[in-house]
Structure formats: C-alpha cells, structure tokens
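Raw contents of data22.txt, compact mmCIF, C-alpha atoms:
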```txt
# COMPACT_ATOMS: atom_id res chain seq x y z
CA MET A 11 173.77 101.59 87.39
CA SER A 12 174.77 101.51 83.74
CA THR A 13 172.14 104.11 82.89
CA SER A 14 173.35 106.38 85.69
CA TYR A 15 176.92 105.96 84.56
CA GLY A 16 175.93 106.76 80.97
CA VAL A 17 174.16 109.96 81.97
CA HIS A 18 177.07 111.02 84.17
CA HIS A 19 179.55 110.24 81.40
CA MET A 20 177.55 112.27 78.86
CA SER A 21 177.27 115.19 81.30
CA SER A 22 181.01 115.09 81.99
CA ALA A 23 181.83 114.98 78.26
CA LEU A 24 179.52 117.93 77.61
CA GLY A 25 181.17 119.89 80.42
CA ASP A 26 184.64 119.16 78.99
CA THR A 27 183.50 120.35 75.56
CA LYS A 28 182.14 123.60 76.99
CA ALA A 29 185.34 124.14 78.98
CA ARG A 30 187.47 123.71 75.83
CA GLN A 31 185.27 126.12 73.88
CA LEU A 32 185.42 128.70 76.68
CA ALA A 33 189.21 128.43 76.94
CA LYS A 34 189.52 128.82 73.17
CA MET A 35 187.42 131.99 73.18
CA LYS A 36 189.39 133.41 76.12
CA ARG A 37 192.66 132.83 74.25
CA LEU A 38 191.24 134.49 71.15
CA ALA A 39 190.07 137.57 73.10
CA ALA A 40 193.41 137.78 74.93
CA ALA A 41 195.33 137.39 71.67
CA LEU A 42 193.37 140.24 70.12
CA LEU A 43 194.18 142.42 73.16
CA VAL A 44 197.86 141.57 72.84
CA ALA A 45 197.72 142.33 69.11
CA VAL A 46 196.19 145.80 69.50
CA THR A 47 198.59 146.55 72.38
CA ALA A 48 201.56 145.64 70.19
CA LEU A 49 200.09 147.69 67.37
CA PHE A 50 199.75 150.65 69.73
CA VAL A 51 203.39 150.35 70.82
CA VAL A 52 204.61 150.18 67.21
CA ALA A 53 202.48 153.19 66.25
CA ARG A 54 203.84 155.22 69.15
CA LEU A 55 207.39 154.34 68.20
CA GLN A 56 206.68 155.80 64.77
CA GLN A 57 206.04 159.17 66.50
CA GLY A 58 202.36 159.05 65.54
CA ALA A 59 202.87 160.76 62.18
CA GLY A 60 200.66 160.27 59.10
CA ILE A 61 198.92 156.92 58.89
CA TRP A 62 200.53 155.84 62.12
CA ALA A 63 198.52 158.46 63.96
CA TRP A 64 195.34 156.74 62.75
CA VAL A 65 196.78 153.34 63.72
CA ALA A 66 197.71 154.62 67.15
CA ALA A 67 194.21 156.07 67.67
CA PHE A 68 192.62 152.78 66.62
CA ALA A 69 194.93 150.64 68.74
CA GLU A 70 194.64 152.83 71.83
CA ALA A 71 190.83 152.87 71.77
CA ALA A 72 190.69 149.17 70.94
CA MET A 73 192.98 148.40 73.86
CA ILE A 74 190.84 150.47 76.22
CA GLY A 75 187.65 148.82 74.94
CA ALA A 76 189.15 145.34 75.34
CA LEU A 77 190.32 146.04 78.89
CA ALA A 78 187.00 147.62 79.88
CA ASP A 79 184.98 144.69 78.55
CA TRP A 80 187.41 142.20 80.10
CA PHE A 81 186.81 143.93 83.44
CA ALA A 82 183.03 143.85 82.92
CA VAL A 83 182.94 140.16 82.00
CA VAL A 84 185.24 139.09 84.83
CA ALA A 85 183.36 141.26 87.34
CA LEU A 86 180.24 139.18 86.74
CA PHE A 87 181.90 136.04 88.14
CA ARG A 88 184.77 137.13 90.38
CA HIS A 89 186.93 140.03 91.59
CA PRO A 90 189.23 141.17 88.72
CA LEU A 91 192.86 140.34 89.58
CA GLY A 92 191.61 139.21 92.99
CA LEU A 93 191.06 142.81 94.11
CA PRO A 94 187.93 143.40 96.26
CA ILE A 95 186.66 146.18 94.04
CA PRO A 96 183.08 147.25 94.93
CA HIS A 97 180.30 145.86 92.78
CA THR A 98 182.39 143.05 91.35
CA ALA A 99 181.84 139.26 91.72
CA ILE A 100 178.23 140.20 91.13
CA ILE A 101 176.80 136.69 90.71
CA PRO A 102 178.30 135.13 93.87
CA ALA A 103 177.45 138.24 95.91
CA ASN A 104 173.81 138.15 94.82
CA LYS A 105 173.36 134.39 94.62
CA GLU A 106 170.34 134.19 96.92
CA ARG A 107 168.54 137.11 95.29
CA LEU A 108 169.24 135.71 91.82
CA GLY A 109 167.91 132.32 92.88
CA GLU A 110 164.71 133.80 94.29
CA ASN A 111 164.19 136.00 91.22
CA LEU A 112 164.76 133.06 88.87
CA ALA A 113 162.37 130.88 90.88
CA ALA A 114 159.71 133.61 90.83
CA PHE A 115 160.19 134.11 87.09
CA VAL A 116 159.75 130.40 86.35
CA ARG A 117 156.77 130.19 88.69
CA ASP A 118 154.91 133.22 87.35
CA LYS A 119 155.79 133.06 83.65
CA PHE A 120 156.00 129.32 82.93
CA LEU A 121 153.90 127.63 85.62
CA ALA A 122 150.96 129.99 86.03
CA THR A 123 147.72 128.02 86.26
CA ASP A 124 146.12 129.77 83.27
CA THR A 125 149.24 129.12 81.19
CA LEU A 126 149.30 125.44 82.07
CA VAL A 127 145.58 124.99 81.37
CA HIS A 128 145.92 126.79 78.03
CA LYS A 129 148.86 124.59 77.05
CA LEU A 130 146.99 121.46 78.17
CA ARG A 131 143.93 122.34 76.07
CA ALA A 132 146.10 123.10 73.03
CA PHE A 133 147.94 119.82 73.48
CA GLY A 134 144.78 117.68 73.59
CA PRO A 135 146.17 114.88 75.77
CA ALA A 136 143.26 112.45 75.36
CA GLU A 137 143.31 112.61 71.55
CA ARG A 138 147.07 112.27 71.44
CA LEU A 139 146.97 109.35 73.87
CA ALA A 140 144.32 107.63 71.75
CA GLY A 141 146.41 108.00 68.60
CA TRP A 142 149.53 106.83 70.39
CA LEU A 143 147.88 103.73 71.85
CA ARG A 144 146.44 102.71 68.47
CA GLN A 145 149.96 101.98 67.22
CA ARG A 146 151.02 98.43 68.00
CA ASP A 147 154.63 99.34 68.70
CA ASN A 148 153.49 101.73 71.42
CA THR A 149 151.20 99.22 73.11
CA GLU A 150 154.11 96.78 73.11
CA ILE A 151 156.17 99.44 74.87
CA VAL A 152 153.43 99.91 77.47
CA ALA A 153 153.15 96.17 78.01
CA GLY A 154 156.91 95.78 78.30
CA LYS A 155 157.23 98.62 80.81
CA LEU A 156 154.33 97.41 82.97
CA ALA A 157 155.65 93.84 82.85
CA GLY A 158 159.05 95.12 83.93
CA VAL A 159 157.48 97.01 86.83
CA LEU A 160 155.54 93.90 87.83
CA ALA A 161 158.68 91.77 87.72
CA GLY A 162 160.46 94.32 89.89
CA TRP A 163 157.63 94.31 92.41
CA LEU A 164 157.70 90.54 92.53
CA ASP A 165 161.38 90.63 93.43
CA PHE A 166 160.72 93.34 96.01
CA ILE A 167 157.81 91.53 97.65
CA ASP A 168 159.73 88.24 97.58
CA ASP A 169 162.25 89.65 100.02
CA GLU A 170 161.68 87.84 103.32
CA ARG A 171 161.75 91.09 105.30
CA VAL A 172 159.17 92.71 103.02
CA ARG A 173 156.95 89.61 103.09
CA SER A 174 157.05 89.51 106.88
CA LEU A 175 156.23 93.21 107.13
CA LEU A 176 153.38 92.97 104.60
CA ALA A 177 151.96 89.87 106.28
CA ALA A 178 152.08 91.58 109.68
CA ARG A 179 150.42 94.77 108.40
CA ILE A 180 147.73 92.92 106.46
CA GLY A 181 147.06 90.72 109.48
CA GLU A 182 146.72 93.78 111.72
CA ARG A 183 144.28 95.38 109.29
CA LEU A 184 142.17 92.24 108.97
CA ARG A 185 142.08 91.69 112.72
CA ALA A 186 141.02 95.29 113.24
CA ILE A 187 138.05 94.98 110.87
CA ASP A 188 134.71 94.50 112.63
CA VAL A 189 133.31 91.91 110.21
CA SER A 190 129.88 91.91 111.79
CA GLU A 191 129.53 95.71 111.61
CA VAL A 192 130.81 95.88 108.02
CA ALA A 193 128.59 93.03 106.87
CA GLY A 194 125.60 94.66 108.57
CA GLN A 195 126.26 97.95 106.80
CA ILE A 196 126.63 96.18 103.46
CA LEU A 197 123.39 94.25 103.96
CA ASP A 198 121.68 97.45 105.10
CA THR A 199 122.71 99.07 101.82
CA LEU A 200 121.61 96.05 99.81
CA THR A 201 118.12 96.11 101.35
CA VAL A 202 117.41 99.78 100.59
CA ASP A 203 114.35 100.16 98.33
CA ALA A 204 113.61 96.41 98.71
CA ARG A 205 116.61 95.42 96.61
CA HIS A 206 116.79 92.11 98.48
CA GLN A 207 113.28 91.31 97.25
CA GLU A 208 114.50 91.75 93.67
CA LEU A 209 117.30 89.31 94.44
CA LEU A 210 114.75 86.90 95.94
CA ASP A 211 112.59 87.23 92.81
CA ALA A 212 115.50 86.39 90.55
CA THR A 213 116.44 83.39 92.70
CA LEU A 214 112.88 82.07 92.84
CA LYS A 215 112.39 82.41 89.10
CA ARG A 216 115.61 80.58 88.40
CA LEU A 217 114.71 77.76 90.79
CA ALA A 218 111.21 77.54 89.35
CA ARG A 219 112.51 77.34 85.78
CA TRP A 220 114.94 74.67 86.92
CA LEU A 221 112.18 72.59 88.54
CA ASP A 222 109.92 73.04 85.49
CA ASP A 223 112.30 70.80 83.57
CA PRO A 224 110.81 67.21 83.58
CA GLN A 225 114.27 65.65 83.75
CA VAL A 226 115.11 67.72 86.81
CA GLN A 227 111.83 66.71 88.45
CA ILE A 228 112.61 63.02 87.82
CA ALA A 229 116.13 63.41 89.24
CA PHE A 230 114.86 65.35 92.24
CA ALA A 231 112.14 62.77 92.92
CA ALA A 232 114.71 59.97 92.72
CA MET A 233 116.86 61.80 95.25
CA ILE A 234 113.90 62.15 97.61
CA ILE A 235 113.14 58.43 97.30
CA GLU A 236 116.80 57.56 97.96
CA ILE A 237 116.97 59.75 101.05
CA ALA A 238 113.61 58.55 102.37
CA GLY A 239 114.65 54.94 101.80
CA LYS A 240 117.74 55.46 103.93
CA GLU A 241 116.16 57.54 106.65
CA TYR A 242 112.68 55.97 106.87
CA PRO A 243 112.87 52.39 105.50
CA LYS A 244 110.26 51.01 107.93
CA ALA A 245 107.71 53.64 106.97
CA LEU A 246 108.12 52.83 103.29
CA LYS A 247 107.77 49.11 103.98
CA THR A 248 104.61 49.76 105.98
CA VAL A 249 103.15 51.70 103.08
CA GLY A 250 104.26 48.91 100.79
CA LEU A 251 101.83 46.52 102.59
CA VAL A 252 99.00 48.40 100.96
CA THR A 253 100.41 49.02 97.49
CA ASN A 254 103.56 48.72 95.41
CA THR A 255 106.32 50.47 97.41
CA GLU A 256 108.39 51.63 94.45
CA GLU A 257 105.43 53.01 92.48
CA PHE A 258 103.99 54.71 95.54
CA SER A 259 107.34 56.26 96.40
CA ARG A 260 107.69 57.69 92.92
CA ARG A 261 104.23 59.22 93.11
CA ILE A 262 104.90 60.73 96.53
CA ALA A 263 108.24 62.14 95.43
CA ALA A 264 106.79 63.58 92.23
CA GLY A 265 104.01 65.17 94.24
CA ILE A 266 106.53 66.72 96.61
CA VAL A 267 108.51 68.15 93.69
CA ARG A 268 105.36 69.57 92.09
CA GLY A 269 104.32 71.03 95.41
CA ILE A 270 107.67 72.72 95.92
CA ASN A 271 107.58 74.02 92.36
CA GLY A 272 104.09 75.41 92.79
CA TRP A 273 105.08 76.98 96.10
CA LEU A 274 108.03 78.72 94.41
CA HIS A 275 105.75 80.04 91.66
CA ASP A 276 103.24 81.27 94.24
CA ILE A 277 105.89 83.22 96.15
CA GLY A 278 107.37 84.58 92.94
CA ASP A 279 103.99 85.74 91.59
CA ASP A 280 102.60 87.25 94.81
CA PRO A 281 104.43 90.37 96.13
CA GLN A 282 102.43 90.11 99.38
CA HIS A 283 103.09 86.43 100.00
CA PRO A 284 103.62 85.63 103.71
CA ARG A 285 106.96 84.01 102.92
CA ARG A 286 108.17 87.30 101.49
CA GLN A 287 107.19 89.09 104.66
CA ALA A 288 108.92 86.42 106.69
CA PHE A 289 112.00 86.87 104.50
CA ASP A 290 111.92 90.62 105.17
CA GLU A 291 111.65 90.05 108.91
CA THR A 292 114.47 87.51 108.91
CA VAL A 293 116.80 89.77 106.95
CA ALA A 294 115.98 92.79 109.14
CA GLU A 295 116.53 90.77 112.31
CA PHE A 296 119.82 89.41 111.01
CA ILE A 297 121.08 92.91 110.09
CA THR A 298 120.07 94.25 113.50
CA ARG A 299 121.92 91.44 115.26
CA MET A 300 125.04 91.94 113.18
CA LYS A 301 125.09 95.65 113.92
CA ASN A 302 123.86 95.78 117.53
CA ASP A 303 124.07 92.38 119.21
CA ALA A 304 127.38 92.44 121.12
CA ASP A 305 127.38 88.70 121.76
CA PHE A 306 126.69 87.87 118.11
CA LYS A 307 129.35 90.34 116.94
CA ALA A 308 131.85 88.80 119.37
CA ARG A 309 131.16 85.30 118.00
CA VAL A 310 131.55 86.50 114.39
CA ASN A 311 134.84 88.27 115.13
CA ALA A 312 136.10 85.31 117.15
CA ALA A 313 135.40 83.07 114.16
CA LYS A 314 137.27 85.57 111.95
CA LEU A 315 140.31 85.51 114.24
CA GLU A 316 140.26 81.72 114.35
CA VAL A 317 140.29 81.58 110.55
CA LEU A 318 143.04 84.20 110.26
CA THR A 319 145.32 82.46 112.77
CA HIS A 320 144.75 78.95 111.49
CA PRO A 321 148.05 77.47 110.22
CA VAL A 322 146.28 75.67 107.36
CA LEU A 323 145.10 79.00 105.95
CA ALA A 324 148.60 80.47 106.26
CA ARG A 325 150.13 77.50 104.44
CA TYR A 326 147.45 77.64 101.78
CA LEU A 327 147.95 81.34 101.13
CA ASP A 328 151.75 80.96 101.07
CA GLY A 329 151.49 78.11 98.61
CA LEU A 330 149.02 80.00 96.46
CA TRP A 331 151.25 83.09 96.44
CA ASP A 332 154.33 81.04 95.58
CA GLU A 333 152.54 79.35 92.69
CA LEU A 334 151.26 82.71 91.42
CA LYS A 335 154.75 84.24 91.58
CA ALA A 336 156.30 81.27 89.82
CA TRP A 337 153.72 81.45 87.03
CA LEU A 338 154.14 85.20 86.65
CA ARG A 339 157.94 84.98 86.54
CA GLU A 340 157.88 82.17 84.04
CA ASP A 341 155.36 83.95 81.84
CA LEU A 342 157.16 87.31 81.98
CA HIS A 343 160.39 85.70 80.78
CA GLU A 344 158.69 84.08 77.80
CA PRO A 345 159.08 85.87 74.40
CA ASP A 346 155.34 85.46 73.81
CA SER A 347 154.27 86.28 77.37
CA ARG A 348 150.52 85.97 77.72
CA LEU A 349 150.46 88.68 80.36
CA ARG A 350 152.26 91.15 78.08
CA GLN A 351 149.91 90.22 75.24
CA ARG A 352 146.88 90.89 77.44
CA ILE A 353 148.27 94.21 78.63
CA SER A 354 149.06 95.19 75.05
CA ALA A 355 145.58 94.17 73.89
CA ALA A 356 143.96 96.08 76.76
CA ALA A 357 146.00 99.21 75.95
CA SER A 358 145.09 98.93 72.27
CA ALA A 359 141.40 98.45 73.08
CA PHE A 360 141.46 101.47 75.38
CA GLY A 361 143.12 103.53 72.64
CA THR A 362 140.46 102.49 70.10
CA THR A 363 137.64 103.25 72.53
CA LEU A 364 139.18 106.60 73.39
CA ALA A 365 139.59 107.49 69.70
CA GLU A 366 135.99 106.60 68.86
CA ASN A 367 134.31 108.07 71.93
CA ARG A 368 134.33 111.86 72.01
CA ALA A 369 132.58 111.96 75.37
CA LEU A 370 135.28 109.79 76.93
CA ARG A 371 138.01 112.03 75.51
CA ASP A 372 136.26 115.13 76.82
CA SER A 373 135.88 113.48 80.21
CA LEU A 374 139.56 112.54 80.39
CA ASP A 375 140.66 116.02 79.30
CA GLY A 376 138.30 117.56 81.82
CA HIS A 377 139.65 115.46 84.68
CA LEU A 378 143.24 116.26 83.70
CA GLU A 379 142.40 119.96 83.55
CA SER A 380 140.75 119.77 86.98
CA ALA A 381 143.82 118.01 88.35
CA VAL A 382 146.08 120.73 86.93
CA VAL A 383 143.93 123.47 88.44
CA ALA A 384 143.84 121.69 91.81
CA LEU A 385 147.57 120.93 91.95
CA ALA A 386 149.13 123.81 90.01
CA ASP A 387 149.46 126.29 92.87
CA ASP A 388 151.05 123.79 95.25
CA LEU A 389 153.35 122.36 92.57
CA ARG A 390 154.51 125.70 91.23
CA ASP A 391 155.23 127.00 94.74
CA ALA A 392 157.07 123.81 95.62
CA LEU A 393 159.10 123.96 92.40
CA SER A 394 160.01 127.62 92.89
CA ARG A 395 161.13 126.88 96.45
CA HIS A 396 163.17 123.97 95.15
CA ILE A 397 164.89 126.16 92.55
CA ALA A 398 165.66 128.89 95.10
CA SER A 399 166.92 126.47 97.76
CA THR A 400 169.02 124.55 95.24
CA ILE A 401 170.77 127.69 94.01
CA ARG A 402 171.19 128.85 97.61
CA SER A 403 172.88 125.58 98.55
CA TRP A 404 175.43 125.70 95.75
CA LYS A 405 178.94 126.75 96.59
CA ASP A 406 179.93 130.07 95.04
CA GLU A 407 182.69 128.49 92.96
CA ASP A 408 180.35 125.77 91.69
CA LEU A 409 177.72 128.33 90.66
CA VAL A 410 180.33 130.51 88.94
CA ARG A 411 181.82 127.53 87.12
CA GLU A 412 178.46 126.26 85.85
CA LEU A 413 177.30 129.69 84.70
CA GLU A 414 180.63 130.50 83.10
CA LEU A 415 180.63 127.21 81.23
CA SER A 416 177.09 127.89 80.03
CA VAL A 417 177.37 131.55 78.95
CA GLY A 418 181.07 132.41 79.30
CA ARG A 419 181.88 131.55 75.69
CA ASP A 420 179.25 133.99 74.46
CA LEU A 421 180.48 136.64 76.90
CA GLN A 422 183.93 136.45 75.33
CA PHE A 423 182.39 137.86 72.17
CA ILE A 424 181.71 140.99 74.22
CA ARG A 425 185.48 141.34 74.65
CA LEU A 426 186.06 140.78 70.93
CA ASN A 427 183.33 143.22 69.98
CA GLY A 428 184.59 145.74 72.53
CA THR A 429 188.06 145.60 71.03
CA ILE A 430 186.83 146.16 67.48
CA VAL A 431 184.13 148.68 68.34
CA GLY A 432 186.54 150.54 70.60
CA GLY A 433 189.06 150.75 67.78
CA GLY A 434 186.39 152.06 65.44
CA ILE A 435 185.37 154.72 67.94
CA GLY A 436 189.05 155.68 68.29
CA LEU A 437 189.28 156.24 64.54
CA LEU A 438 186.09 158.31 64.59
CA LEU A 439 187.32 160.50 67.45
CA HIS A 440 190.73 160.94 65.79
CA GLY A 441 189.03 162.03 62.58
CA LEU A 442 186.79 164.48 64.42
CA THR A 443 189.84 165.88 66.23
CA LEU A 444 191.65 166.47 62.97
CA PHE A 445 188.57 168.03 61.42
CA VAL A 446 188.09 170.41 64.33
CA SER A 447 191.76 171.36 64.59
CA THR A 448 192.25 172.02 60.88
CA GLY A 449 188.95 172.89 59.29
CA TRP A 450 186.50 174.10 61.91
```
What would the structure in this file look like if it were written as structure tokens?
Amino acid sequence: MSTSYGVHHMSSALGDTKARQLAKMKRLAAALLVAVTALFVVARLQQGAGIWAWVAAFAEAAMIGALADWFAVVALFRHPLGLPIPHTAIIPANKERLGENLAAFVRDKFLATDTLVHKLRAFGPAERLAGWLRQRDNTEIVAGKLAGVLAGWLDFIDDERVRSLLAARIGERLRAIDVSEVAGQILDTLTVDARHQELLDATLKRLARWLDDPQVQIAFAAMIIEIAGKEYPKALKTVGLVTNTEEFSRRIAAGIVRGINGWLHDIGDDPQHPRRQAFDETVAEFITRMKNDADFKARVNAAKLEVLTHPVLARYLDGLWDELKAWLREDLHEPDSRLRQRISAAASAFGTTLAENRALRDSLDGHLESAVVALADDLRDALSRHIASTIRSWKDEDLVRELELSVGRDLQFIRLNGTIVGGGIGLLLHGLTLFVSTGW
C-alpha cells in the first residue's frame, strides 16, 4: 500500500507541476497579446504618423497572429469560446481514430517482430545476464526477491481456505490417477531395449562384490545358522549326533553363502542364463497384468485409495508440512538465512557457467529469440488493442486534460511565436506598402 501511495503521490505532484507550468505559459501568451493590443491602440491614437505608423503595423499584425494562433491551439482541445465552430475540438471529436492510429503506429513501428528480434540480438540477453549474476550484490538481490516470494506463498498457502482447496484438488487428482496403468507404462518404457537386464546386471554385480567380502560371508553364515537354529533346532541336533553341531553348521552355512555367490556370478556372466529368461518372463507378465488385468488394476487402485484416505497419512503429511513451513519461516527471517545463501550461490554458479559456456549462451539467446518470434504477433496485437480501447474508454475531458498537461505548455510557444512573427510580417508588409506607394 505504501508503494502504491508513493507512486500516486509522485504522479499527482508531477501533474501539479505541469499544470502550474501550463498556466504560467498561458498567462505569458495572454500578457503578450494584451501588450500588443495596447500598443496598437496607442499607435492609432497617435494618428499613425511617422514611427507610429510602423508601430501600428507591427502591433496590428502581432495581434492578428496571436489571436489566430490562440484559436488554433484552443481548437485542438475544445471549441473556442464555447462556440460549436466546425473542425474545432479536434482531439475529442477524433478520439477513437486517434487511438486506433496511435495503436497501429506503436504496433507496426515499435513492436514489429523483426524490430524486436534485431533489438534482442543487439542486446545480448544471455551475456548480460551472465555478467549481472557474477556480481555478488545482484545475486543477493535475486535471493532476497525469491525468498520474499516464497515467504508470501507460505502465507498464502497457510490460509485455511486455500489449504482446504489445495488438499481437495490434489486428492481429486491423485484419486483419478490409474496407478496400475501408469506404472505399467513406466515399466514398459524401462524395459525397452532390455534396459531392465542392464539394471539386473548392475544389481547382481553389486551383490556379488558384497558377498565376495570374507567378513560379509562370515556374517551371512552366522545369520543362516541363527535362523536355522530357531526354525529347525531338532534337525541340527540330529545332525549333531554324528559330528560337532556348531562346526557342521558353520560349514553348511559357508557352503550356502558360497553357492549363492557362485550362482550370482553365473547369472551375471551368462547373458543366456535361464534365470535371466525367467526374469524377462516375470517382468513381462507383471507389466501385462498391470496394464490389462482389470481385477489386478482394481486391487492396486483400491490399495491406493485406502492409503490416500487413511487418517494416519493425512496427519503425517499435515505434520510434515507444518514442520517444513516453520523451518522455512524461521530460516527466511534469519539475517544469514541458509536458503537465501543457497539461492544466491546457485544464481552465482549459473552466472559463472553461463559466462564460460558460449554454447549455453547461444542456446539461451536462441530460445528467447524463438519465444519472441512465437509470441510477438499475439502480444503486439493485444497491446495495440489495449491502447486503442483504453483511449476509447477515456472521457473527453480527461483525455483533453492529460494531453494539454503534456504538450500544452509547448503549444503556448506557438502563440508567443505567432505574436512575434506576425508583428515582423506586419513591419515587412508596411515597408513594402511604403516602397510601392512612393518609389515604385
């Protein structure tokens, strides 16, 4: 509100200044008219003899010139003396045509696509942006502005009505998503060109390297012994009648680990391994079910709805959101806000990268140029329509007042010049008259 008030106050002060300047020039032009009129009267009273004849000629022509130019200037804005003289009040009478002509002039001369593209290329936006972002003060400005926008959005979203609306809309969107179909399409994409086999290779190699570690093998064997001891204690005791139970268990477990490790290496080294083919078949069957099996899709979507409507999830998300907002608010109000620092650092890094990478600058400039070409016609037409409709909507008196305040002071010089030039022409004509009458 303070910014709006400041702009309005500045605009009002500027208008008052223009009004005072216009009034001053009007008084000066009127005073000059009064002066030459008085001079004409005095000259006539002197019977127009000698020098007074020259004065009378000057004053008479100056008076005519002043009155003619006064009429011309006034006729632009209103009817002189309120009389409906034809072809006066030119601006109000032709307001719509003037608005359309001005809009077309701006559109064709300032906003033509070729002109905008030429100006954009000459400006070099990417290079200028890079230089601007490499200055710390500017990145701080960017960080401060973005942080301010984020803080404003937090306040906006925190409104209970907005939160309820967002929650309802997000819930509708999530409920409308066919999870099974989407997941099937994603998996279908992931399996193109046997990409899933590459993922399987990476997983197998990692597991194999993990099991190659002797310490891991010992730990894994111990886990097998522990599980077997709990699940099959009688079997282990029966084996223990023949040999030492603990030693035998360790050997069995170690053998199992080595067997699993060897099996993983075999699958990883053999592209035609049966387990790979089985993996392919399983993945293909799963994708088919997700995309085409109505019963399976119904179960998946039912599970999705159950999760979405579960009160625990709602409470969890609300709590998580509240904690995130609280952290963001607290951080944004800190003088050394970590978020602002990260934004500033990211902006600076982008500026450095942009400055050092010619290809990136060319790409950014190219995309901006393409955007200008794509949007220029629509924007220029919209702007020209806006100019024309705005001028059309103005009241005649408002339009006259604004134009007169803007150019009226300069137009008063026409009256001053008309008075002086008219007087000069009067002297010239008087001299020519004397020359013709006496010496021709």
Atomic distance atom CA of A:Val51 - atom CA of A:Ala66, expressed in Å with one decimal: 8.0 Å
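Considering only C-alpha atoms, the residue among A:Leu160, A:Ala113, A:Ala177, A:Ala99 positioned nearest to A:Leu349 is A:Leu160.
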Top pick for closest residue to A:Ala39, considering A:Arg395, A:Arg425, A:Lys335, A:Arg368 and counting all atoms listed in the file: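 Using all atoms listed in the file, A:Ala39 sits closest to A:Arg425.
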Selected residue, from A:Phe115, A:Thr292, A:Leu156, A:Glu182, that lies nearest to A:Leu342 when counting all atoms listed in the file: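 Comparing A:Phe115, A:Thr292, A:Leu156, A:Glu182 against A:Leu342, the winner is A:Leu156.
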Residues near A:Gln31, cut-off 12 Å, only C-alpha atoms, skip fewer than 6 positions along chain, as a ChimeraX atom specification: /A:24-25,37-38,414-422
Pull the closest atom pair for each residue of stretch 56-122 of chain A that gets at most 7 Å from stretch 402-407 of chain A, along with the distance in Å to one decimal, counting only C-alpha atoms, ordering rows by chain and then ascending residue number, as a tab-separated table.
```
residue	atom	partner	partner_atom	distance
A:Pro102	CA	A:Asp406	CA	5.4
A:Lys105	CA	A:Arg402	CA	6.7
A:Glu106	CA	A:Arg402	CA	5.5
A:Gly109	CA	A:Arg402	CA	6.7
```
Nearest to A:Arg348, chosen from A:Lys215, A:Lys314, A:Gly441, A:Gly154, with all atoms listed in the file counted in the distances: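 Under the stated criterion, the closest residue is A:Gly154.
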Between atom CA of A:Leu426 and atom CA of A:Leu108, distance in Å (one decimal):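 That distance, rounded to one decimal, is 27.3 Å.
Distances to A:Asp387 were evaluated for A:Ile401, A:Ala132, A:Leu334, A:Ala122 using all atoms listed in the file, and the minimum falls at A:Ala122.
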Distance of atom CA of A:Ile167 from atom CA of A:Arg185, expressed in Å to one decimal place: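 Computing it gives 21.8 Å between the two atoms.
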